[in-house]
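Enquirer: Right, I'll just put the structure down here and ask away after.
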Amino acid sequence: MNKTGRFIERLPGKHRLIVWTVELGIFVLSGVLAFLLRFDFQVPIEHRIHLPYGIAIWVIVKSMVFRLWNLDRGWWRYVSVTDLFRIAAGNISGSLASCIAIYWVAPSGFPRSLYPLDLVLCLLGTAGVRVMVRVLIETARNGRSGDQYKNTLIYGAGAAGVNILREILNNPKLPYRVLGFLDDRLDKKGLEILGTPVLGTGKQIGSLIKKHDVQLVFIAIPSANGAQMTRILEAVHAVGVECKTVPGLSEVIQERGLVGQIRDVAVEDLLGRTPARLEEDQIRASIEGNVVMVTGAAGSIGSELCRQIARFQPAGIVGFEMAESALFEIDREMRQTFPNVPFYPEIGSIQNRARIDEVLCQYSPSVVYHAAAYKHVPLMEAHVFEAVENNILGTYNVAMAAAEHGVDDFVMISSDKAVRPTNVMGASKRVAELLLLALQNGRTKYVAVRFGNVLGSNGSVIPIFKKQIAAGGPVTVTHPEMRRFFMTIPEACQLVLQSAVIGKGGQICVLDMGEPVKIVDLARNLILLSGLRPDEDIKIEFSGMRPGEKLYEELSNLSEDTAPTMHEKIRIYVGGGMPEGDMLAWLDVLESLCETRDVGQLLVTLKEIVLDYSPSTHLLKRVIEPRRQAAESLAAFSH
């Protein structure tokens, strides 16, 4: 910005005396011009006596009126249509008051035609000087030059794009020189917004970037879906230009404005998920003033649950976790971020019933969110007993302890892998769901919440892909048709809290995960986000499906009954349970098999409990191979 622009910009904010002086000058000048125009620049002698009276009254009265209307305040650099209406109202009020004063004070014969002349001239002067200041400042800013400014296009000429442009124009420290807009609405092409042209549509983005030597593109379409974001990102990266975006509606717009929230495009943007609507009053009623316990509190889901719960002002949060270092970190974070919400870190395992009883007795929570579980599919295929002991027997420990200690609500985090499971992890979570359905006969309300993969969670493919990209590739995908449901951790946890108040007990809440995403597409998008080209800069290789995996995950079973809820992203599944006595008998069998370490019989038992469980080939070989070898050895010995 030039020196004149900087000087003018500072006048209203720091030199109110100059503002008053300018306004007084306008009052005097408009009065004198009114006389001159009325008498063709030759004021008759008989009316010259009226001139000093008129000038004095106009200056005094209008100064008082402008002060009452606060028109001597405000920053002219931000003058708007609303301000112009206020200026017009102030001028009209000042002129009417001046008419009355002149009638009573000035000598008789004051020309009445001077009143409208003075009003028009004063209005043009007071409004015009403000508009001129803003134009000079913005003209100076639009003339940004130098290597410190990046040639920039804004994709989206809607409200978000205009707000970004306005903030850039008003802040010379921002290193952007906006050359124009792109917008897919054809009727906007050729228009100018705040002096900035709409250059064309998204289809022309590559040619426009080259033509104008663009270095940065802002995607200002908060409502864009995943396909739109991917298309834009591919077009921008194809010409080697940096790309950033602004938050969607699900992200809180803080006082720092949109420019302060500009960030790199993230993989979450490419999913195109619409923000979740929360009934916060209902959630607050169940949490505020109560003690809440979270098992697995240091995990990706458990820790986010703690953060979300803290927003609703509970009396305290009990973080139950067996990983010492991770619990230390979440404890420190919660104390720093939510100093007014007591956080109680408690080390322990859900397999230790005595320890669970100690913690529940000490804190008497009203709500328990049970997020502790073993979730890694290939690992659990290799550790079947540990999966059963933790995911089934551990859940039973926490659920029974909750009932005995008067917990009102028990909410378990389940998984889409519990539907027609093909792995031990999924089968164990399905048994845990059936367990909660069977236990629902007392005061404690048991609810399971089932959803798919969450971006950035422990074991998610995202950090694995990022490490592979950072190492130069290749990125390994198990199968070209592998698909999974995805949502963000905050959205998943918000909907878990919502499910807790929607579920009536003995139910499974299933979250709407949207459309499944191809893992290979996710890998390609991550490579694009890194500024590289899939299959050229970074290769994608297919490694084959791992033990227990299936191509498609499901969220519901056709044998389950489904019902909508008050929330469009949550449905209730009821049924498929068994009597409590039968369930407890199966638990005794499972516990006994874990003690004897009989893999074969454990798989048979899981299959009997979960009829649609299909053990993986890997596990079946693990059971059959030793028996085959033993049979061959026995046959050889017999011969």
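Here, A, B, ... name the chains of the structure tokens in the order displayed, residue numbers run from 1 inside each chain, and ligands are numbered from 1 in the same displayed order.
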I'd like the neighbourhood of Val368 in chain A as a ChimeraX atom specification, where a residue qualifies if any of its atoms comes within 9 Å (using only C-alpha atoms), though same-chain residues fewer than 3 positions away should be ignored.

Expert: /A:292-295,365,398-399,402,407-412

Enquirer: If we count only C-alpha atoms and set the cut-off at 10 Å, which residues sit around Met334 in chain A, ignoring sequence neighbours fewer than 6 positions away in its own chain? Please answer as a PyMOL selection string.

Expert: chain A and resi 303+306-307+310+317+340-344

Enquirer: What does the structure give for the distance between CA of Gly296 in chain A and CA of Ala371 in chain A, in Å to one decimal?

Expert: 5.2 Å

Enquirer: What parts of range 407-548 of chain A does DSSP call strand (DSSP E)? I'd like the answer as a ChimeraX atom specification.

Expert: /A:409-413,445-450,453-455,475-477,483-484,486-488,507-511,517-518,540-542

Enquirer: For the selection you just gave me, I'd like the residues written to a file as a short mmCIF file (atom, residue, chain, number, x, y, z; two decimals), in the first residue's frame, keeping C-alpha atoms.

Expert:
data_model
loop_
_atom_site.label_atom_id
_atom_site.label_comp_id
_atom_site.auth_asym_id
_atom_site.auth_seq_id
_atom_site.Cartn_x
_atom_site.Cartn_y
_atom_site.Cartn_z
CA ASP A 409 -26.36 -45.20 31.32
CA PHE A 410 -23.84 -47.64 29.86
CA VAL A 411 -22.76 -46.95 26.26
CA MET A 412 -20.47 -49.35 24.43
CA ILE A 413 -18.54 -48.48 21.27
CA LYS A 445 -29.66 -48.54 30.41
CA TYR A 446 -27.37 -50.49 28.05
CA VAL A 447 -26.79 -49.12 24.56
CA ALA A 448 -24.29 -50.18 21.89
CA VAL A 449 -23.22 -47.73 19.17
CA ARG A 450 -22.02 -49.26 15.92
CA ASN A 453 -13.66 -46.60 10.49
CA VAL A 454 -12.70 -43.20 11.82
CA LEU A 455 -10.05 -41.09 10.15
CA VAL A 475 1.68 -47.03 -0.98
CA THR A 476 0.32 -50.50 -0.30
CA VAL A 477 -3.40 -51.25 -0.61
CA ARG A 483 -14.12 -50.41 0.53
CA ARG A 484 -14.71 -49.02 3.99
CA PHE A 486 -15.26 -43.50 7.12
CA MET A 487 -16.08 -40.60 9.38
CA THR A 488 -14.03 -38.19 11.46
CA GLN A 507 -30.69 -51.39 21.68
CA ILE A 508 -27.97 -51.02 19.09
CA CYS A 509 -27.61 -47.56 17.59
CA VAL A 510 -26.10 -47.49 14.11
CA LEU A 511 -24.54 -44.32 12.78
CA VAL A 517 -15.01 -45.25 0.19
CA LYS A 518 -12.57 -47.23 -1.93
CA ILE A 540 0.37 -47.83 -5.55
CA GLU A 541 0.82 -51.56 -5.01
CA PHE A 542 -1.71 -54.21 -3.99
#

Enquirer: Please extract the residues of range 391-540 of chain A with a backbone DSSP assignment of alpha helix (DSSP H) and present them as a VMD selection string.

Expert: chain A and resid 395 to 404 424 to 439 461 to 470 489 to 502 519 to 529

Enquirer: Nearest to Gly577 in chain A: which of A:Arg430, A:Arg177, A:His50, A:Lys607 is it, counting only C-alpha atoms?

Expert: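 Among the listed residues, the smallest separation from Gly577 in chain A belongs to A:Arg430.
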
Enquirer: Would you kindly return, as a PDB file with N, CA, C and O atoms, in the first residue's frame, each protein, DNA or RNA residue with an atom no farther than 9 Å from any atom of Ala235 in chain A, considering only C-alpha atoms and excluding same-chain residues fewer than 5 positions away?

Expert:
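Dumped everything to around_29.pdb:
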ATOM      1  N   GLY A 202     -14.833 -23.550 -13.143  1.00  0.00           N
ATOM      2  CA  GLY A 202     -13.835 -24.513 -12.717  1.00  0.00           C
ATOM      3  C   GLY A 202     -13.223 -25.287 -13.865  1.00  0.00           C
ATOM      4  O   GLY A 202     -12.075 -25.750 -13.771  1.00  0.00           O
ATOM      5  N   LYS A 203     -13.942 -25.456 -14.963  1.00  0.00           N
ATOM      6  CA  LYS A 203     -13.410 -26.201 -16.104  1.00  0.00           C
ATOM      7  C   LYS A 203     -12.214 -25.479 -16.737  1.00  0.00           C
ATOM      8  O   LYS A 203     -11.404 -26.089 -17.429  1.00  0.00           O
ATOM      9  N   ILE A 205      -9.919 -23.849 -14.972  1.00  0.00           N
ATOM     10  CA  ILE A 205      -8.972 -23.547 -13.905  1.00  0.00           C
ATOM     11  C   ILE A 205      -7.520 -23.717 -14.344  1.00  0.00           C
ATOM     12  O   ILE A 205      -6.662 -22.887 -14.041  1.00  0.00           O
ATOM     13  N   GLY A 206      -7.229 -24.779 -15.114  1.00  0.00           N
ATOM     14  CA  GLY A 206      -5.854 -25.015 -15.543  1.00  0.00           C
ATOM     15  C   GLY A 206      -5.328 -23.905 -16.438  1.00  0.00           C
ATOM     16  O   GLY A 206      -4.231 -23.371 -16.223  1.00  0.00           O
ATOM     17  N   THR A 230     -12.286 -33.407  -4.798  1.00  0.00           N
ATOM     18  CA  THR A 230     -11.267 -34.223  -5.461  1.00  0.00           C
ATOM     19  C   THR A 230     -11.001 -33.688  -6.869  1.00  0.00           C
ATOM     20  O   THR A 230      -9.841 -33.590  -7.297  1.00  0.00           O
TER      21      THR A 230
END

Enquirer: Have a look at A:Asp40, A:Gly156, A:Pro52, A:Asn423 and name the one nearest to Ser614 in chain A; count only C-alpha atoms.

Expert: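 Checking each candidate against Ser614 in chain A, we get A:Asn423 as the closest.
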
Enquirer: For CA of Leu114 in chain A and CA of Val133 in chain A, quote the distance in Å rounded to one decimal.

Expert: 28.3 Å

Enquirer: So that I can check the surroundings of Val129 in chain A, please list as a compact mmCIF listing (two decimals) with N, CA, C and O atoms, in the first residue's frame every protein, DNA and RNA residue that reaches within 10 Å of it, counting only C-alpha atoms and ignoring chain neighbours fewer than 5 positions away.

Expert:
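The file below, part_9.txt, is the result:
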# COMPACT_ATOMS: atom_id res chain seq x y z
N VAL A 22 -12.87 17.87 9.31
CA VAL A 22 -13.36 17.60 7.96
C VAL A 22 -14.87 17.80 7.91
O VAL A 22 -15.40 18.43 6.97
N GLU A 23 -15.58 17.30 8.91
CA GLU A 23 -17.04 17.44 8.91
C GLU A 23 -17.45 18.90 9.05
O GLU A 23 -18.39 19.37 8.37
N ILE A 26 -17.10 20.53 5.79
CA ILE A 26 -18.18 20.16 4.86
C ILE A 26 -19.44 20.95 5.18
O ILE A 26 -20.15 21.44 4.28
N TRP A 76 -13.79 4.98 8.44
CA TRP A 76 -14.22 5.23 7.08
C TRP A 76 -13.74 4.14 6.13
O TRP A 76 -14.32 3.92 5.08
N LEU A 124 -24.10 14.80 0.13
CA LEU A 124 -23.09 14.38 -0.85
C LEU A 124 -21.68 14.52 -0.27
O LEU A 124 -20.81 13.67 -0.49
N ARG A 134 -12.49 5.10 1.52
CA ARG A 134 -12.47 3.64 1.33
C ARG A 134 -11.94 3.26 -0.05
O ARG A 134 -11.17 2.32 -0.19
N VAL A 135 -12.37 3.99 -1.07
CA VAL A 135 -11.90 3.68 -2.43
C VAL A 135 -10.40 3.84 -2.53
O VAL A 135 -9.70 3.01 -3.12

Enquirer: With only C-alpha atoms as the basis for distance, which of A:Phe451, A:Phe66, A:Phe312, A:Phe110 is at the shortest distance from Ile49 in chain A?

Expert: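 Result for the nearest residue to Ile49 in chain A: A:Phe110.
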